[in-house]
$ cat data_21.tsv   # TSV, C-alpha atoms and all ligand atoms
chain	number	residue	atom	x	y	z
M	1	MET	CA	111.80	34.49	118.22
M	2	LYS	CA	111.01	34.27	114.51
M	3	ARG	CA	113.83	35.78	112.50
M	4	LYS	CA	112.87	37.86	109.48
M	5	GLY	CA	115.28	37.99	106.55
M	6	ILE	CA	117.06	41.25	105.69
M	7	LEU	CA	117.29	42.50	102.13
M	8	LEU	CA	121.02	43.20	101.64
M	9	VAL	CA	122.40	45.29	98.82
M	10	ILE	CA	126.11	45.06	98.09
M	11	SER	CA	127.75	47.49	95.66
M	12	GLY	CA	131.30	48.57	95.07
M	13	PHE	CA	133.79	49.63	92.40
M	14	ALA	CA	134.96	47.07	89.86
M	15	GLY	CA	138.08	45.49	91.35
M	16	THR	CA	137.17	45.80	95.03
M	17	GLY	CA	136.47	42.10	95.36
M	18	LYS	CA	132.74	42.37	96.07
M	19	GLY	CA	132.12	39.16	94.10
M	20	SER	CA	134.64	37.30	96.28
M	21	LEU	CA	133.07	38.76	99.41
M	22	VAL	CA	129.60	37.60	98.36
M	23	SER	CA	130.91	34.10	97.54
M	24	ALA	CA	132.73	33.92	100.89
M	25	LEU	CA	129.58	34.93	102.79
M	26	THR	CA	127.34	32.40	101.03
M	27	GLU	CA	129.92	29.59	101.36
M	28	ASN	CA	130.69	30.16	105.04
M	29	TYR	CA	127.31	31.00	106.56
M	30	PRO	CA	123.99	29.24	105.99
M	31	ASN	CA	121.74	32.28	106.44
M	32	TYR	CA	122.52	33.99	103.13
M	33	ALA	CA	120.76	33.49	99.79
M	34	LEU	CA	122.20	35.14	96.69
M	35	SER	CA	119.75	36.56	94.19
M	36	VAL	CA	120.55	35.72	90.55
M	37	SER	CA	119.86	38.68	88.26
M	38	ALA	CA	118.47	38.80	84.74
M	39	THR	CA	120.60	40.58	82.15
M	40	THR	CA	120.66	41.35	78.45
M	41	ARG	CA	124.45	41.16	78.29
M	42	ALA	CA	126.07	38.15	76.63
M	43	PRO	CA	127.53	35.42	78.89
M	44	ARG	CA	131.29	35.65	79.53
M	45	PRO	CA	133.34	32.46	79.18
M	46	GLY	CA	132.49	30.13	82.05
M	47	GLU	CA	129.27	31.90	83.04
M	48	LYS	CA	126.26	29.61	83.45
M	49	GLU	CA	122.57	30.27	82.87
M	50	GLY	CA	120.73	30.44	86.20
M	51	VAL	CA	123.97	30.44	88.21
M	52	HIS	CA	125.65	33.72	87.30
M	53	TYR	CA	122.71	35.33	85.52
M	54	PHE	CA	119.50	34.56	83.68
M	55	PHE	CA	120.54	35.64	80.18
M	56	LYS	CA	117.68	37.32	78.30
M	57	SER	CA	117.08	39.03	74.98
M	58	LYS	CA	116.02	42.67	75.12
M	59	GLU	CA	112.43	41.64	74.26
M	60	GLU	CA	112.34	39.02	77.01
M	61	PHE	CA	113.71	41.54	79.50
M	62	GLN	CA	111.08	44.11	78.51
M	63	LYS	CA	108.36	41.49	78.99
M	64	MET	CA	109.66	40.82	82.51
M	65	ILE	CA	109.47	44.54	83.27
M	66	ALA	CA	105.91	44.78	81.87
M	67	ALA	CA	104.77	41.74	83.87
M	68	GLY	CA	106.10	43.31	87.10
M	69	GLU	CA	108.53	40.44	87.60
M	70	LEU	CA	111.50	42.63	88.61
M	71	ILE	CA	111.96	44.41	91.93
M	72	GLU	CA	114.33	46.86	90.26
M	73	TYR	CA	116.24	47.16	87.04
M	74	ALA	CA	118.86	49.49	85.63
M	75	GLN	CA	120.78	50.13	82.47
M	76	TYR	CA	124.55	49.75	82.86
M	77	VAL	CA	127.01	50.10	79.99
M	78	GLU	CA	124.34	49.53	77.30
M	79	ASN	CA	122.83	46.45	78.94
M	80	TYR	CA	119.88	45.91	81.23
M	81	TYR	CA	120.22	44.23	84.61
M	82	GLY	CA	117.35	43.42	86.96
M	83	THR	CA	116.43	41.54	90.13
M	84	PRO	CA	113.67	38.92	89.79
M	85	LYS	CA	111.05	39.39	92.49
M	86	ALA	CA	109.83	35.83	93.19
M	87	TYR	CA	113.11	34.37	94.53
M	88	VAL	CA	113.78	37.34	96.80
M	89	GLU	CA	110.29	37.17	98.31
M	90	GLN	CA	110.42	33.39	98.86
M	91	GLN	CA	113.84	33.48	100.53
M	92	MET	CA	113.04	36.41	102.80
M	93	GLU	CA	109.83	34.69	103.84
M	94	ALA	CA	111.97	31.64	104.74
M	95	GLY	CA	114.07	33.88	107.03
M	96	LYS	CA	117.14	34.11	104.76
M	97	ASP	CA	119.14	37.30	104.36
M	98	VAL	CA	118.98	37.88	100.62
M	99	ILE	CA	122.01	39.43	98.91
M	100	LEU	CA	121.62	41.61	95.82
M	101	GLU	CA	124.99	42.37	94.24
M	102	ILE	CA	123.89	45.33	92.14
M	103	GLU	CA	125.09	48.71	90.90
M	104	ILE	CA	124.24	52.08	92.43
M	105	GLN	CA	121.09	53.12	90.48
M	106	GLY	CA	119.43	49.81	91.38
M	107	ALA	CA	120.62	50.06	95.00
M	108	LEU	CA	119.06	53.49	95.45
M	109	LYS	CA	115.78	52.28	93.91
M	110	ILE	CA	115.74	49.40	96.39
M	111	LYS	CA	116.27	51.80	99.32
M	112	GLU	CA	113.36	53.94	98.11
M	113	LYS	CA	111.05	50.94	97.74
M	114	PHE	CA	112.25	49.05	100.83
M	115	PRO	CA	113.60	51.53	103.40
M	116	GLU	CA	114.46	48.64	105.72
M	117	ALA	CA	116.94	47.21	103.17
M	118	LEU	CA	120.57	47.34	104.32
M	119	LEU	CA	122.98	48.94	101.84
M	120	LEU	CA	126.68	48.01	102.02
M	121	PHE	CA	129.36	49.65	99.90
M	122	VAL	CA	132.62	47.74	99.42
M	123	VAL	CA	135.80	49.77	98.96
M	124	PRO	CA	139.52	49.02	98.70
M	125	PRO	CA	141.76	50.26	101.55
M	126	ASP	CA	142.99	53.08	99.29
M	127	ALA	CA	142.94	54.36	95.70
M	128	ASP	CA	146.32	52.85	94.66
M	129	THR	CA	145.25	49.39	95.81
M	130	LEU	CA	142.25	49.61	93.49
M	131	GLU	CA	144.47	50.36	90.51
M	132	GLU	CA	146.89	47.59	91.48
M	133	ARG	CA	144.05	45.03	91.80
M	134	LEU	CA	142.62	45.95	88.41
M	135	ARG	CA	146.07	45.61	86.79
M	136	LYS	CA	146.80	42.30	88.49
M	137	ARG	CA	143.64	40.73	87.07
M	138	ASN	CA	145.43	40.83	83.71
M	139	THR	CA	142.10	40.53	81.92
M	140	GLU	CA	141.56	44.13	80.83
M	141	SER	CA	143.44	46.51	78.56
M	142	PRO	CA	144.97	49.69	80.07
M	143	GLU	CA	142.14	51.64	78.41
M	144	VAL	CA	139.44	49.54	80.11
M	145	ILE	CA	141.28	49.82	83.44
M	146	ARG	CA	141.35	53.59	83.03
M	147	LYS	CA	137.58	53.62	82.32
M	148	ARG	CA	136.91	51.56	85.45
M	149	LEU	CA	139.04	53.91	87.56
M	150	LEU	CA	137.18	56.93	86.16
M	151	ARG	CA	133.87	55.23	86.94
M	152	ALA	CA	135.11	54.63	90.51
M	153	VAL	CA	135.69	58.39	90.84
M	154	GLU	CA	132.01	58.99	89.92
M	155	GLU	CA	130.68	56.12	92.02
M	156	SER	CA	132.57	57.30	95.11
M	157	GLU	CA	130.18	60.29	95.26
M	158	TYR	CA	127.39	57.90	96.29
M	159	ILE	CA	129.13	56.04	99.12
M	160	SER	CA	127.44	58.08	101.85
M	161	ARG	CA	123.99	57.07	100.55
M	162	TYR	CA	124.79	53.54	101.78
M	163	ASP	CA	124.36	52.38	105.37
M	164	TYR	CA	127.79	50.79	105.90
M	165	LEU	CA	131.27	51.06	104.49
M	166	ILE	CA	132.98	47.69	104.01
M	167	VAL	CA	136.74	47.98	103.59
M	168	ASN	CA	138.11	44.96	101.75
M	169	ASP	CA	141.77	44.66	102.66
M	170	ASP	CA	141.97	41.02	103.78
M	171	LEU	CA	139.03	39.02	102.36
M	172	MET	CA	138.39	36.75	105.37
M	173	ALA	CA	138.56	39.64	107.85
M	174	CYS	CA	136.24	41.62	105.60
M	175	MET	CA	133.80	38.70	105.42
M	176	GLU	CA	133.73	38.40	109.21
M	177	GLU	CA	133.19	42.13	109.69
M	178	THR	CA	130.37	42.16	107.14
M	179	HIS	CA	128.71	39.17	108.78
M	180	ALA	CA	128.99	40.84	112.20
M	181	ILE	CA	127.36	44.03	110.88
M	182	ILE	CA	124.46	42.05	109.43
M	183	GLN	CA	124.06	39.98	112.61
M	184	SER	CA	123.85	43.18	114.70
M	185	GLU	CA	121.25	44.62	112.34
M	186	HIS	CA	118.96	41.73	113.21
M	187	PHE	CA	118.76	43.16	116.74
M	188	CYS	CA	117.76	46.71	115.69
M	189	THR	CA	114.57	47.65	117.51
M	190	PHE	CA	112.87	48.70	114.26
M	191	ARG	CA	113.41	45.22	112.82
M	192	ASN	CA	111.76	43.62	115.84
M	193	GLY	CA	108.51	45.56	116.11
M	194	GLU	CA	106.34	42.45	116.35
M	195	PHE	CA	108.42	40.91	119.15
M	196	ILE	CA	108.39	44.18	121.10
M	197	GLU	CA	104.58	44.54	120.73
M	198	THR	CA	103.98	40.98	121.93
M	199	LEU	CA	106.28	41.50	124.91
M	200	GLN	CA	104.57	44.80	125.80
M	201	ARG	CA	101.14	43.18	125.54
M	202	ASP	CA	102.13	40.17	127.64
M	203	LEU	CA	103.77	42.34	130.30
M	204	LYS	CA	100.45	44.13	130.85
M	205	LYS	CA	99.19	41.10	132.77
M	206	PHE	CA	101.35	42.25	135.68
M	207	GLN	CA	99.20	45.36	135.99
M	208	LEU	CA	96.19	43.19	136.92
M	209	PRO	CA	95.41	42.34	140.59
M	210	ALA	CA	97.06	39.08	141.75
M	211	GLN	CA	93.84	36.95	141.60
M	212	GLN	CA	93.18	37.87	137.96
M	213	GLN	CA	96.83	37.16	137.06
M	214	ALA	CA	96.48	33.64	138.48
M	215	ALA	CA	93.22	33.11	136.56
M	216	LYS	CA	94.87	34.06	133.24
Q	301	LIG	P1	128.71	42.55	85.11
Q	301	LIG	O1	128.27	42.77	83.67
Q	301	LIG	O2	130.15	42.92	85.31
Q	301	LIG	O3	128.38	41.17	85.58
Q	301	LIG	O4	127.86	43.55	86.00
Q	301	LIG	C1	127.87	44.92	85.78
Q	301	LIG	C2	127.21	45.65	86.94
Q	301	LIG	O5	125.83	45.32	87.01
Q	301	LIG	C3	127.80	45.28	88.30
Q	301	LIG	O6	128.03	46.49	89.03
Q	301	LIG	C4	126.73	44.45	88.95
Q	301	LIG	O7	126.75	44.57	90.37
Q	301	LIG	C5	125.48	45.08	88.36
Q	301	LIG	N1	124.29	44.23	88.42
Q	301	LIG	C6	124.23	42.87	88.33
Q	301	LIG	N2	122.97	42.45	88.47
Q	301	LIG	C7	122.20	43.56	88.66
Q	301	LIG	C8	120.79	43.76	88.88
Q	301	LIG	O8	119.96	42.86	88.95
Q	301	LIG	N3	120.37	45.06	89.02
Q	301	LIG	C9	121.23	46.11	88.97
Q	301	LIG	N4	120.72	47.34	89.14
Q	301	LIG	N5	122.56	45.94	88.76
Q	301	LIG	C10	123.04	44.68	88.62
$ encode --input "data_21.tsv" --output "structure tokens"
Amino acid sequence: MKRKGILLVISGFAGTGKGSLVSALTENYPNYALSVSATTRAPRPGEKEGVHYFFKSKEEFQKMIAAGELIEYAQYVENYYGTPKAYVEQQMEAGKDVILEIEIQGALKIKEKFPEALLLFVVPPDADTLEERLRKRNTESPEVIRKRLLRAVEESEYISRYDYLIVNDDLMACMEETHAIIQSEHFCTFRNGEFIETLQRDLKKFQLPAQQQAAK
């Protein structure tokens, strides 16, 4: 049975650990391919071209849009972010489940364009844990933390537009649950139309009289 890749979209508030979840999935299971986005934002310390992002100027990004090279793109805090098409298509063709770790506007565009895409929203077990995780990172000022929490309030309005809720309490448990959800999705009847049609067609031979069945 030929397995077709699923287009996976993973979103979540800043501080929920969606980056760690994505890394855990790609490191522990061979069937995932992570899409690397293009962005106009400047690299952060330690970020590598082609690994974390493809860093582009605004003009380069606009050219990519005009050439139809992006599946989706969105503006987020004054910068553009977009998903290059070629990699996603190649990997899905090869049967990989392709992960897009993107924000909500982009996720909803993907669902419109590809209704069969699977949208996962990662949340903390509760609101206080989110605040605690943001503080523990020790990388952002109280003002930035407050902005992120306020953004989480807005983003929470969109959770029900996603297909599955992923609660990240313990990372490894969360990874296993997410993997199990994705594995089950592969068996959805609507994702297996071709297999079902072939089976239905082949079964029709049993409707023929016995002599014709033997001749087939
Ligand atoms: P950051 O600047 O912190 O790396 O990312 C900011 C936000 O942009 C995150 O929510 C991230 O998931 C999102 N993002 C990253 N790449 C893409 C993309 O290709 N398209 C969209 N729509 N959002 C993206």
$ atom_distance --input "data_21.tsv" --atom1 "CA of Ala152 in chain M" --atom2 "CA of Arg44 in chain M"
22.3 Å
$ residues_near_ligand --input "data_21.tsv" --ligand "ligand LIG 301 (chain Q)" --cutoff "9 Å" --atoms "only C-alpha atoms and all ligand atoms" --output "PyMOL selection string"
chain M and resi 10-14+18-19+35-39+41-44+52-53+70-77+79-84+100-109
$ atom_distance --input "data_21.tsv" --atom1 "CA of Ala127 in chain M" --atom2 "CA of Glu155 in chain M"
12.9 Å
$ atom_distance --input "data_21.tsv" --atom1 "CA of Lys111 in chain M" --atom2 "CA of Val98 in chain M"
14.2 Å
$ closest_residue --input "data_21.tsv" --among "M:Phe206, M:Phe187, M:Phe195, M:Tyr32" --to "Ala94 in chain M" --atoms "only C-alpha atoms"
M:Tyr32
$ axis_aligned_box --input "data_21.tsv" --around "range 175-183 of chain M" --padding-each-side "4 Å" --output "AutoDock Vina command-line options"
--center_x 128.9 --center_y 41.2 --center_z 109.0 --size_x 17.7 --size_y 13.6 --size_z 15.2
$ closest_residue --input "data_21.tsv" --among "M:Val153, M:Met175, M:Leu134, M:Leu118" --to "Val22 in chain M" --atoms "only C-alpha atoms"
M:Met175
$ closest_residue --input "data_21.tsv" --among "M:Arg161, M:Asp128, M:Ile65, M:Leu34" --to "Glu112 in chain M" --atoms "all atoms listed in the file"
M:Arg161
$ residues_around --input "data_21.tsv" --residues "Leu171 in chain M" --least-positions-apart "4" --cutoff "9 Å" --atoms "all atoms listed in the file" --output "list in words"
Gly17, Ser20, Leu21, Ala24, Met175 and Glu176 of chain M
$ decode --input "data_21.tsv" --residues "range 79-152 of chain M" --atoms "C-alpha atoms" --output "PDB file, in the first residue's frame"
ATOM      1  CA  ASN M  79       8.510  40.685   8.938  1.00  0.00           C
ATOM      2  CA  TYR M  80       7.473  38.339   6.174  1.00  0.00           C
ATOM      3  CA  TYR M  81       7.544  34.572   6.574  1.00  0.00           C
ATOM      4  CA  GLY M  82       6.728  32.059   3.851  1.00  0.00           C
ATOM      5  CA  THR M  83       6.850  28.364   2.961  1.00  0.00           C
ATOM      6  CA  PRO M  84       8.827  27.445  -0.172  1.00  0.00           C
ATOM      7  CA  LYS M  85       6.778  25.192  -2.427  1.00  0.00           C
ATOM      8  CA  ALA M  86       9.401  22.955  -4.086  1.00  0.00           C
ATOM      9  CA  TYR M  87      10.674  21.164  -0.951  1.00  0.00           C
ATOM     10  CA  VAL M  88       7.178  20.471   0.365  1.00  0.00           C
ATOM     11  CA  GLU M  89       6.062  18.978  -2.956  1.00  0.00           C
ATOM     12  CA  GLN M  90       9.183  16.802  -3.332  1.00  0.00           C
ATOM     13  CA  GLN M  91       8.974  15.415   0.198  1.00  0.00           C
ATOM     14  CA  MET M  92       5.255  14.675   0.054  1.00  0.00           C
ATOM     15  CA  GLU M  93       5.760  12.916  -3.263  1.00  0.00           C
ATOM     16  CA  ALA M  94       8.428  10.788  -1.516  1.00  0.00           C
ATOM     17  CA  GLY M  95       5.821   9.784   1.100  1.00  0.00           C
ATOM     18  CA  LYS M  96       7.142  11.968   3.936  1.00  0.00           C
ATOM     19  CA  ASP M  97       4.847  13.788   6.345  1.00  0.00           C
ATOM     20  CA  VAL M  98       5.938  17.394   5.920  1.00  0.00           C
ATOM     21  CA  ILE M  99       5.844  19.663   8.970  1.00  0.00           C
ATOM     22  CA  LEU M 100       5.201  23.394   8.615  1.00  0.00           C
ATOM     23  CA  GLU M 101       5.806  25.210  11.896  1.00  0.00           C
ATOM     24  CA  ILE M 102       3.917  28.396  11.062  1.00  0.00           C
ATOM     25  CA  GLU M 103       1.688  31.034  12.625  1.00  0.00           C
ATOM     26  CA  ILE M 104      -2.111  31.150  12.423  1.00  0.00           C
ATOM     27  CA  GLN M 105      -2.721  33.300   9.300  1.00  0.00           C
ATOM     28  CA  GLY M 106      -0.482  30.991   7.259  1.00  0.00           C
ATOM     29  CA  ALA M 107      -2.073  27.886   8.804  1.00  0.00           C
ATOM     30  CA  LEU M 108      -5.570  28.990   7.818  1.00  0.00           C
ATOM     31  CA  LYS M 109      -4.399  29.762   4.261  1.00  0.00           C
ATOM     32  CA  ILE M 110      -2.943  26.251   4.038  1.00  0.00           C
ATOM     33  CA  LYS M 111      -6.247  24.716   5.182  1.00  0.00           C
ATOM     34  CA  GLU M 112      -8.117  26.702   2.517  1.00  0.00           C
ATOM     35  CA  LYS M 113      -5.708  25.644  -0.226  1.00  0.00           C
ATOM     36  CA  PHE M 114      -5.180  22.066   0.965  1.00  0.00           C
ATOM     37  CA  PRO M 115      -8.260  20.898   2.903  1.00  0.00           C
ATOM     38  CA  GLU M 116      -6.572  17.544   3.538  1.00  0.00           C
ATOM     39  CA  ALA M 117      -3.766  19.235   5.532  1.00  0.00           C
ATOM     40  CA  LEU M 118      -3.748  18.332   9.230  1.00  0.00           C
ATOM     41  CA  LEU M 119      -3.660  21.305  11.602  1.00  0.00           C
ATOM     42  CA  LEU M 120      -2.270  20.798  15.124  1.00  0.00           C
ATOM     43  CA  PHE M 121      -2.333  23.476  17.811  1.00  0.00           C
ATOM     44  CA  VAL M 122       0.129  23.111  20.690  1.00  0.00           C
ATOM     45  CA  VAL M 123      -0.909  24.489  24.082  1.00  0.00           C
ATOM     46  CA  PRO M 124       0.519  24.453  27.612  1.00  0.00           C
ATOM     47  CA  PRO M 125      -1.425  22.503  30.263  1.00  0.00           C
ATOM     48  CA  ASP M 126      -2.721  25.808  31.681  1.00  0.00           C
ATOM     49  CA  ALA M 127      -2.286  29.585  31.484  1.00  0.00           C
ATOM     50  CA  ASP M 128       0.078  29.902  34.486  1.00  0.00           C
ATOM     51  CA  THR M 129       2.454  27.310  33.034  1.00  0.00           C
ATOM     52  CA  LEU M 130       2.747  29.430  29.892  1.00  0.00           C
ATOM     53  CA  GLU M 131       3.773  32.476  31.914  1.00  0.00           C
ATOM     54  CA  GLU M 132       6.215  30.409  33.971  1.00  0.00           C
ATOM     55  CA  ARG M 133       7.845  28.934  30.835  1.00  0.00           C
ATOM     56  CA  LEU M 134       8.261  32.351  29.243  1.00  0.00           C
ATOM     57  CA  ARG M 135       9.864  33.712  32.440  1.00  0.00           C
ATOM     58  CA  LYS M 136      12.172  30.723  32.823  1.00  0.00           C
ATOM     59  CA  ARG M 137      13.624  31.238  29.348  1.00  0.00           C
ATOM     60  CA  ASN M 138      15.319  34.327  30.810  1.00  0.00           C
ATOM     61  CA  THR M 139      15.782  35.728  27.320  1.00  0.00           C
ATOM     62  CA  GLU M 140      12.989  38.299  27.223  1.00  0.00           C
ATOM     63  CA  SER M 141      12.202  41.427  29.205  1.00  0.00           C
ATOM     64  CA  PRO M 142       9.006  41.520  31.323  1.00  0.00           C
ATOM     65  CA  GLU M 143       7.516  43.828  28.675  1.00  0.00           C
ATOM     66  CA  VAL M 144       8.164  41.316  25.862  1.00  0.00           C
ATOM     67  CA  ILE M 145       6.780  38.504  28.032  1.00  0.00           C
ATOM     68  CA  ARG M 146       3.640  40.553  28.611  1.00  0.00           C
ATOM     69  CA  LYS M 147       3.271  41.126  24.839  1.00  0.00           C
ATOM     70  CA  ARG M 148       3.610  37.394  24.171  1.00  0.00           C
ATOM     71  CA  LEU M 149       0.982  36.599  26.811  1.00  0.00           C
ATOM     72  CA  LEU M 150      -1.393  39.160  25.294  1.00  0.00           C
ATOM     73  CA  ARG M 151      -0.813  37.643  21.861  1.00  0.00           C
ATOM     74  CA  ALA M 152      -1.624  34.203  23.324  1.00  0.00           C
TER      75      ALA M 152
END
